[in-house]
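*Asks:* Pasting a structure below so you can have a look.
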Amino acid sequence: MAEVIKMPRLSDTMEEGVVAKWLKHKGDKVEEGDILAEIETDKATMEFESFYEGTLLHIGIEEGETAPVDTLLAIIGEEGEDISDLLDGGAAEEKPVAESKEEPKQEEPAKEEPSSEEAEIPEGVEVVKMPRLSDTMEEGTVASWLKQVGDKVEEGDILAEIETDKATMEFESFYEGTLLHVGIQEGETAPVDSVLAIIGPEGTDVSALVKGGAAPAPAKKAEKKEEEPQAAEQGSSEATKPSKEGGRVFASPLAKKMAEDLGIDLNDVKGSGENNRIVKKDIEAYKPSEKPAATKQETVTEAKEAPEAQAYVPAGEESFEETKNSQMRKTIARRLAESKYSAPHYYLTIEVDMANAMANRKQINELPDVKVSFNDIVIKATAMALRKHPQVNSQWTGDTTKIAKHIHMGVAVAVEEGLVVPVLRFADQMSMTQIGANVKDLAGKARNKKLQPQEMEGSTFTVSNLGMYGITEFTSIINQPNSAILSVGAIVEKPVVRNGQIVVGNTMKLTLACDHRTVDGATGAAFLETLKKYLENPVTMLA
């Protein structure tokens with residue numbers, strides 16, 4: 001049978017709501033507990049879950065529309081079910097009935113509230129009423145108070161856990177101040193719109209308000225008194241049954257769920273609610289050591305059963321720190337995104353034996369006033385390899401491919417705000433010592449934010465080296481309009497095979513990212529092969 005869902009009252013002052021977003025659409029399957037929609041109240045935007053399962057047959061309020069509480073929100077039923085009577089007759093008939101039932105409720109506070117507000121409600125004091133937390137809720141039970149009289153309350157703090165006819169939900173405060181009065185105690189049940197609490201400035205006298213306008217109506221008191229003996233009678237009868245003998249344990253739905261998740265036996269927990277009812281705070285406060293001492297027989301039985309260990313539940317504070325993005329960071333992000341999504345990247349990786357390069361570098365650095373890094377050697381070798389493979393030293397313009405006759409090497413440098421790429425012009429014509437001196441000068445300017453725009457323009461190829469950080473292999477995003485970028489990893493000591501013998505060697509991995517529009521796989525592979533020869537035999541760069 002189809003179920004009519006109405007606009008719920010999700011806060012104590014809510015009169016109408018806006019459907020911010022539908023999470024389910026007409027024809028979708030709905031499970032109990034699924035989020036149907038996000039509803040904007042006068043205080044916040046909240047998720048509204050379904051208490052039924054079936055198919056969403058009708059949506060009564062579209063996204064962005066505003067409607068009063070109790071307006072037809074949706075209809076859920078069996079797929080293909082005829083709901084015309086609910087739309088044409090039933091739903092229309094229900095509305096006047098609901099209005100006729102609600103009008104006296106609205107008139108009652110209308111008569112009382114003006115006088116209490118004018119004469120008795122002190123300035124800054126807010127009366128919080130039992131909210132309607134589900135579309136069918138008529139009354140609620142306070143499962144647990146998270147704030148006590150005298151506590152400070154901030155807007156958004158959880159005041160209490162309230163049991164509806166469908167679930168136990170946390171109810172947050174929409175006011176700030178001190179909790180001056182609690183109108184419904186833990187375990188007590190009261191109709192929607194009953195006085196739940198009073199919040200206001202610390203020290204405010206609300207005794208007159210409690211006795212007068214804020215006090216529950218006599219009829220509600222009578223109902224409460226009638227319920228209390230029933231609860232006491234039921235509680236006493238249950239209390240006489242030892243829990244180990246199969247007696248029922250009173251606990252809120254939330255407490256039961258928490259106990260199940262944590263592997264806690266409710267029979268071992270002492271309840272602090274009315275009639276020894278177990279609530280959320282009892283589960284949170286429970287410690288295994290509090291479990292009553294077991295008899296010898298129970299100890300033997302438990303040892304045989306080998307109970308599961310209590311699940312670990314991490315606790316901490318969720319927090320974020322926002323940092324405003326600099327113009328440099330925005331530009332880097334934009335350019336990298338454009339490159340990644342406009343150029344079809346592919347990657348080629350090769351491993352280079354660096355034994356000869358290491359030996360040659362050691363000999364060079366023994367000369368007076370000379371200092372050459374492995375990065376300088378890689379840049380020189382790359383520039384010379386580009387001279388032999390000009391297709392890699394190219395640009396894609398759409399209608400044409402531009403092959404650069406000059407070699408301007410971009411060198412990626414990390415700075416505090418991101419990444420900059422100063423340019424070594426005509427790098428193939430420089431010696432390794434000249435490359436080293438220029439890279440050092442440009443990197444220093446970059447870190448001191450003294451690079452000039454012309455020093456970062458015009459690259460035809462880029463080298464990015466993370467080997468100094470211990471990174472053995474990685475891929476880079478092409479620095480457009482270049483067609484390729486070389487990623488340089490760390491030199492790693494490892495076993496290698498030389499002349500059929502396993503010996504200790506030093507290798508380095510190079511990864512070439514190519515734009516497939518300009519550089520084919522074979523072209524990129526040939527470039528890496530040449531680069532490998534130069535690095536494994538640096539003397540050949542002098543030929």
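How things are named: the first chain in the structure tokens is A, the next is B, and so on; residues count from 1 in each chain; ligands count from 1 in the order shown.
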Which neighbours of segment 168-183 of chain A fall inside 6 Å, counting only C-alpha atoms, when residues of the same chain fewer than 4 positions from it are skipped, and could you give them as a list in words?
*Replies:* Val149, Gly150, Asp151, Lys152, Val153, Glu154, Glu155, Gly156, Asp157, Ile158, Leu159, Ala160, Glu161, Ile162, Glu163, Val195, Leu196, Ala197, Ile198, Ile199, Gly200, Pro201, Glu202 and Leu254 of chain A
*Asks:* Keeping N, CA, C and O atoms, export the residues of the selection given above as a JSON list (two decimals), in the first residue's frame.
*Replies:*
```json
[["chain", "number", "residue", "atom", "x", "y", "z"],
["A", 149, "VAL", "N", 21.06, 21.15, 32.90],
["A", 149, "VAL", "CA", 20.71, 22.49, 33.36],
["A", 149, "VAL", "C", 21.96, 23.17, 33.91],
["A", 149, "VAL", "O", 22.70, 22.60, 34.72],
["A", 150, "GLY", "N", 22.20, 24.39, 33.42],
["A", 150, "GLY", "CA", 23.37, 25.14, 33.84],
["A", 150, "GLY", "C", 24.51, 25.08, 32.83],
["A", 150, "GLY", "O", 25.44, 25.88, 32.89],
["A", 151, "ASP", "N", 24.43, 24.12, 31.87],
["A", 151, "ASP", "CA", 25.49, 24.01, 30.86],
["A", 151, "ASP", "C", 25.39, 25.13, 29.84],
["A", 151, "ASP", "O", 24.29, 25.59, 29.50],
["A", 152, "LYS", "N", 26.54, 25.53, 29.29],
["A", 152, "LYS", "CA", 26.58, 26.48, 28.20],
["A", 152, "LYS", "C", 26.19, 25.76, 26.91],
["A", 152, "LYS", "O", 26.60, 24.62, 26.68],
["A", 153, "VAL", "N", 25.42, 26.42, 26.08],
["A", 153, "VAL", "CA", 24.95, 25.84, 24.82],
["A", 153, "VAL", "C", 25.33, 26.77, 23.67],
["A", 153, "VAL", "O", 25.06, 27.97, 23.73],
["A", 154, "GLU", "N", 25.99, 26.21, 22.66],
["A", 154, "GLU", "CA", 26.31, 26.96, 21.45],
["A", 154, "GLU", "C", 25.35, 26.54, 20.35],
["A", 154, "GLU", "O", 24.82, 25.43, 20.36],
["A", 155, "GLU", "N", 25.13, 27.44, 19.40],
["A", 155, "GLU", "CA", 24.28, 27.09, 18.25],
["A", 155, "GLU", "C", 24.92, 25.92, 17.51],
["A", 155, "GLU", "O", 26.09, 25.95, 17.17],
["A", 156, "GLY", "N", 24.17, 24.85, 17.31],
["A", 156, "GLY", "CA", 24.67, 23.66, 16.64],
["A", 156, "GLY", "C", 25.03, 22.54, 17.60],
["A", 156, "GLY", "O", 25.25, 21.41, 17.18],
["A", 157, "ASP", "N", 25.11, 22.86, 18.92],
["A", 157, "ASP", "CA", 25.39, 21.80, 19.90],
["A", 157, "ASP", "C", 24.22, 20.81, 19.95],
["A", 157, "ASP", "O", 23.06, 21.19, 19.78],
["A", 158, "ILE", "N", 24.54, 19.53, 20.18],
["A", 158, "ILE", "CA", 23.49, 18.53, 20.33],
["A", 158, "ILE", "C", 22.90, 18.66, 21.72],
["A", 158, "ILE", "O", 23.60, 18.51, 22.72],
["A", 159, "LEU", "N", 21.60, 18.95, 21.80],
["A", 159, "LEU", "CA", 20.92, 19.08, 23.08],
["A", 159, "LEU", "C", 20.53, 17.72, 23.65],
["A", 159, "LEU", "O", 20.77, 17.44, 24.82],
["A", 160, "ALA", "N", 19.91, 16.91, 22.81],
["A", 160, "ALA", "CA", 19.37, 15.65, 23.30],
["A", 160, "ALA", "C", 19.22, 14.65, 22.16],
["A", 160, "ALA", "O", 19.27, 15.02, 20.98],
["A", 161, "GLU", "N", 19.05, 13.39, 22.53],
["A", 161, "GLU", "CA", 18.70, 12.34, 21.57],
["A", 161, "GLU", "C", 17.23, 12.04, 21.75],
["A", 161, "GLU", "O", 16.79, 11.74, 22.87],
["A", 162, "ILE", "N", 16.49, 12.14, 20.67],
["A", 162, "ILE", "CA", 15.04, 12.00, 20.75],
["A", 162, "ILE", "C", 14.58, 10.80, 19.94],
["A", 162, "ILE", "O", 14.94, 10.65, 18.77],
["A", 163, "GLU", "N", 13.81, 9.95, 20.58],
["A", 163, "GLU", "CA", 13.25, 8.77, 19.93],
["A", 163, "GLU", "C", 11.94, 9.15, 19.28],
["A", 163, "GLU", "O", 11.02, 9.63, 19.96],
["A", 195, "VAL", "N", 6.90, 21.69, 25.66],
["A", 195, "VAL", "CA", 8.12, 22.43, 26.02],
["A", 195, "VAL", "C", 9.22, 21.43, 26.34],
["A", 195, "VAL", "O", 9.12, 20.64, 27.27],
["A", 196, "LEU", "N", 10.29, 21.49, 25.55],
["A", 196, "LEU", "CA", 11.42, 20.59, 25.71],
["A", 196, "LEU", "C", 12.48, 21.21, 26.62],
["A", 196, "LEU", "O", 13.02, 20.55, 27.51],
["A", 197, "ALA", "N", 12.75, 22.47, 26.41],
["A", 197, "ALA", "CA", 13.78, 23.14, 27.19],
["A", 197, "ALA", "C", 13.63, 24.65, 27.08],
["A", 197, "ALA", "O", 12.89, 25.16, 26.23],
["A", 198, "ILE", "N", 14.33, 25.35, 27.97],
["A", 198, "ILE", "CA", 14.39, 26.80, 27.91],
["A", 198, "ILE", "C", 15.86, 27.20, 27.94],
["A", 198, "ILE", "O", 16.62, 26.76, 28.80],
["A", 199, "ILE", "N", 16.25, 28.06, 26.98],
["A", 199, "ILE", "CA", 17.63, 28.53, 26.87],
["A", 199, "ILE", "C", 17.65, 30.05, 26.95],
["A", 199, "ILE", "O", 16.78, 30.72, 26.36],
["A", 200, "GLY", "N", 18.60, 30.59, 27.67],
["A", 200, "GLY", "CA", 18.69, 32.03, 27.79],
["A", 200, "GLY", "C", 19.95, 32.46, 28.51],
["A", 200, "GLY", "O", 20.83, 31.64, 28.80],
["A", 201, "PRO", "N", 20.05, 33.75, 28.85],
["A", 201, "PRO", "CA", 21.23, 34.24, 29.57],
["A", 201, "PRO", "C", 21.35, 33.59, 30.94],
["A", 201, "PRO", "O", 20.35, 33.31, 31.61],
["A", 202, "GLU", "N", 22.58, 33.32, 31.34],
["A", 202, "GLU", "CA", 22.85, 32.68, 32.63],
["A", 202, "GLU", "C", 22.24, 33.49, 33.77],
["A", 202, "GLU", "O", 22.35, 34.71, 33.82],
["A", 254, "LEU", "N", 19.43, 3.78, 19.73],
["A", 254, "LEU", "CA", 20.80, 4.22, 19.48],
["A", 254, "LEU", "C", 21.79, 3.46, 20.35],
["A", 254, "LEU", "O", 22.85, 3.04, 19.90]]
```
*Asks:* What does the distance between atom CA of Arg361 of chain A and atom CA of Gln429 of chain A come to in Å, to one decimal place?
*Replies:*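 So the answer is 19.2 Å.
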*Asks:* Rounded to one decimal in Å, what is the spacing between atom CA of Asp28 of chain A and atom CA of Glu79 of chain A?
*Replies:* 9.4 Å
*Asks:* Between atom CA of Val313 of chain A and atom CA of Glu284 of chain A, what is the distance in Å, rounded to a tenth?
*Replies:*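 Computed distance, atom CA of Val313 of chain A to atom CA of Glu284 of chain A, equals 10.9 Å.
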*Asks:* In terms of the shortest atom-to-atom distance over only C-alpha atoms, which of A:Val125, A:Ala251, A:Val392, A:Leu133 is closest to Arg517 of chain A?
*Replies:*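 Closest residue, counting only C-alpha atoms: A:Val392.
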*Asks:* Skip segment 329-342 of chain A itself and residues of its chain fewer than 2 positions away, then list as a PyMOL selection string all residues within 7 Å of it, counting only C-alpha atoms.
*Replies:* chain A and resi 325-327+344+417-418+477-478+480
*Asks:* Residues near Glu32 of chain A, anyone? I mean within 8 Å using only C-alpha atoms, not counting same-chain ones fewer than 4 positions away, as a ChimeraX atom specification.
*Replies:* /A:49-53
*Asks:* Name the residues in contact with Ala446 of chain A at a cut-off of 8 Å, using only C-alpha atoms, excluding same-chain residues fewer than 3 positions from it; report them as a ChimeraX atom specification.
*Replies:* /A:413,415,420,422,442-443,449-451
*Asks:* Output C-alpha atoms of each residue in that selection to a file, as a tab-separated table (two decimals), in the first residue's frame.
*Replies:*
```tsv
chain	number	residue	atom	x	y	z
A	413	VAL	CA	62.49	24.14	-9.78
A	415	VAL	CA	59.61	26.90	-4.72
A	420	VAL	CA	58.58	27.30	-11.78
A	422	PRO	CA	63.45	28.74	-15.69
A	442	LEU	CA	68.32	30.60	-12.04
A	443	ALA	CA	67.25	28.33	-9.13
A	449	LYS	CA	61.20	35.41	-6.37
A	450	LYS	CA	63.55	37.42	-8.56
A	451	LEU	CA	63.08	35.53	-11.82
```
*Asks:* Would you list, as a VMD selection string, the residues of segment 233-476 of chain A that end up in strand (DSSP E or B) under DSSP run on this structure's backbone?
*Replies:* chain A and resid 251 278 345 to 353 394 to 396 401 to 403 409 to 411 413 to 415 418 to 420 423 to 424 461 to 465
*Asks:* Go ahead and save the picked residues with N, CA, C and O atoms, as a compact mmCIF listing (two decimals), in the first residue's frame.
*Replies:*
```
# COMPACT_ATOMS: atom_id res chain seq x y z
N ALA A 251 16.70 -0.50 26.50
CA ALA A 251 17.76 0.34 25.93
C ALA A 251 17.19 1.10 24.74
O ALA A 251 16.30 0.62 24.04
N ILE A 278 18.95 1.85 29.39
CA ILE A 278 20.30 2.12 28.89
C ILE A 278 20.23 3.12 27.75
O ILE A 278 19.47 2.93 26.79
N HIS A 345 48.83 12.18 -23.27
CA HIS A 345 50.10 11.77 -22.70
C HIS A 345 50.30 10.25 -22.82
O HIS A 345 49.36 9.48 -22.66
N TYR A 346 51.52 9.84 -23.06
CA TYR A 346 51.91 8.45 -22.84
C TYR A 346 53.34 8.46 -22.29
O TYR A 346 54.04 9.47 -22.40
N TYR A 347 53.77 7.34 -21.70
CA TYR A 347 55.03 7.35 -20.96
C TYR A 347 55.94 6.19 -21.37
O TYR A 347 55.49 5.06 -21.58
N LEU A 348 57.24 6.50 -21.45
CA LEU A 348 58.27 5.51 -21.76
C LEU A 348 59.33 5.57 -20.67
O LEU A 348 59.81 6.66 -20.33
N THR A 349 59.71 4.42 -20.11
CA THR A 349 60.70 4.38 -19.03
C THR A 349 61.90 3.53 -19.42
O THR A 349 61.73 2.46 -20.03
N ILE A 350 63.08 4.02 -19.08
CA ILE A 350 64.32 3.29 -19.38
C ILE A 350 65.23 3.33 -18.16
O ILE A 350 65.19 4.30 -17.38
N GLU A 351 66.04 2.27 -17.95
CA GLU A 351 66.98 2.23 -16.83
C GLU A 351 68.40 2.38 -17.35
O GLU A 351 68.79 1.68 -18.29
N VAL A 352 69.17 3.27 -16.74
CA VAL A 352 70.50 3.62 -17.22
C VAL A 352 71.55 3.19 -16.20
O VAL A 352 71.40 3.43 -15.00
N ASP A 353 72.62 2.57 -16.68
CA ASP A 353 73.76 2.22 -15.82
C ASP A 353 74.62 3.47 -15.66
O ASP A 353 75.18 4.00 -16.63
N SER A 394 59.60 19.66 -30.31
CA SER A 394 58.57 20.23 -31.20
C SER A 394 57.38 20.78 -30.43
O SER A 394 57.30 20.66 -29.20
N GLN A 395 56.44 21.36 -31.19
CA GLN A 395 55.20 21.92 -30.62
C GLN A 395 54.03 21.60 -31.54
O GLN A 395 54.17 21.60 -32.76
N TRP A 396 52.87 21.34 -30.93
CA TRP A 396 51.64 21.11 -31.69
C TRP A 396 50.84 22.41 -31.72
O TRP A 396 50.56 22.99 -30.67
N THR A 401 52.83 21.31 -37.06
CA THR A 401 53.75 20.91 -36.00
C THR A 401 55.03 21.71 -36.20
O THR A 401 55.64 21.68 -37.27
N LYS A 402 55.41 22.47 -35.16
CA LYS A 402 56.61 23.30 -35.23
C LYS A 402 57.78 22.56 -34.61
O LYS A 402 57.73 22.20 -33.43
N ILE A 403 58.81 22.31 -35.39
CA ILE A 403 60.01 21.65 -34.89
C ILE A 403 61.07 22.72 -34.66
O ILE A 403 61.50 23.42 -35.59
N MET A 409 66.34 24.56 -22.86
CA MET A 409 65.98 23.53 -21.88
C MET A 409 65.30 24.14 -20.65
O MET A 409 65.91 24.96 -19.94
N GLY A 410 64.05 23.74 -20.39
CA GLY A 410 63.37 24.14 -19.17
C GLY A 410 63.79 23.24 -18.02
O GLY A 410 63.87 22.01 -18.19
N VAL A 411 64.09 23.83 -16.86
CA VAL A 411 64.52 23.05 -15.70
C VAL A 411 63.52 23.32 -14.56
O VAL A 411 63.45 24.45 -14.05
N VAL A 413 61.94 23.79 -11.10
CA VAL A 413 62.49 24.14 -9.78
C VAL A 413 61.32 24.29 -8.80
O VAL A 413 60.37 25.04 -9.07
N ALA A 414 61.39 23.60 -7.66
CA ALA A 414 60.35 23.70 -6.64
C ALA A 414 60.59 24.93 -5.79
O ALA A 414 61.70 25.15 -5.30
N VAL A 415 59.56 25.74 -5.61
CA VAL A 415 59.61 26.90 -4.72
C VAL A 415 58.47 26.76 -3.72
O VAL A 415 57.63 25.86 -3.81
N GLY A 418 54.96 26.64 -5.26
CA GLY A 418 54.64 25.70 -6.33
C GLY A 418 55.86 25.31 -7.13
O GLY A 418 56.89 24.91 -6.58
N LEU A 419 55.76 25.44 -8.44
CA LEU A 419 56.80 24.97 -9.35
C LEU A 419 57.01 26.02 -10.44
O LEU A 419 56.05 26.50 -11.04
N VAL A 420 58.27 26.39 -10.69
CA VAL A 420 58.58 27.30 -11.78
C VAL A 420 59.58 26.60 -12.70
O VAL A 420 60.30 25.68 -12.28
N VAL A 423 64.56 28.81 -17.87
CA VAL A 423 64.97 28.25 -19.16
C VAL A 423 66.47 28.48 -19.41
O VAL A 423 66.96 29.61 -19.26
N LEU A 424 67.16 27.40 -19.77
CA LEU A 424 68.56 27.48 -20.21
C LEU A 424 68.55 27.59 -21.74
O LEU A 424 68.20 26.64 -22.44
N PHE A 461 61.86 21.99 -24.40
CA PHE A 461 61.86 20.68 -23.73
C PHE A 461 62.11 20.95 -22.25
O PHE A 461 62.72 21.96 -21.89
N THR A 462 61.62 20.04 -21.36
CA THR A 462 61.77 20.26 -19.92
C THR A 462 62.31 19.02 -19.23
O THR A 462 61.96 17.89 -19.60
N VAL A 463 63.16 19.26 -18.22
CA VAL A 463 63.68 18.19 -17.37
C VAL A 463 63.21 18.43 -15.95
O VAL A 463 63.34 19.55 -15.43
N SER A 464 62.66 17.38 -15.30
CA SER A 464 62.23 17.46 -13.90
C SER A 464 62.96 16.37 -13.12
O SER A 464 62.84 15.19 -13.44
N ASN A 465 63.71 16.76 -12.08
CA ASN A 465 64.55 15.82 -11.34
C ASN A 465 64.11 15.77 -9.88
O ASN A 465 64.17 16.78 -9.18
```
*Asks:* Under the rule that only C-alpha atoms are counted, which of A:Glu536, A:Asp515, A:Glu40, A:Asp282 is the nearest residue to Met354 of chain A?
*Replies:*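 Using only C-alpha atoms, the shortest distance to Met354 of chain A belongs to A:Glu536.
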*Asks:* Can you pull out the residues contacting Met14 of chain A? Cut-off 8 Å, using only C-alpha atoms, and skip same-chain residues under 4 positions away; I want them as an NGL selection string.
*Replies:* :A and (9-10 or 41-42 or 69)
*Asks:* May I have the residues from that selection written out with N, CA and C atoms, as a compact mmCIF listing (two decimals), in the first residue's frame?
*Replies:*
```txt
# COMPACT_ATOMS: atom_id res chain seq x y z
N ARG A 9 8.47 18.69 10.00
CA ARG A 9 8.95 19.84 10.77
C ARG A 9 10.29 19.45 11.37
N LEU A 10 11.37 19.94 10.78
CA LEU A 10 12.71 19.52 11.15
C LEU A 10 13.38 20.43 12.18
N THR A 41 15.48 24.32 6.11
CA THR A 41 14.53 24.84 7.09
C THR A 41 14.87 26.31 7.33
N ASP A 42 14.26 26.90 8.35
CA ASP A 42 14.58 28.28 8.70
C ASP A 42 15.92 28.37 9.41
N VAL A 69 4.83 23.05 6.25
CA VAL A 69 4.90 21.76 6.93
C VAL A 69 3.60 20.99 6.72
```
*Asks:* For Ile76 of chain A, which of A:Met358, A:Met328, A:Val30, A:Val192 is the closest residue, counting only C-alpha atoms?
*Replies:* A:Val30
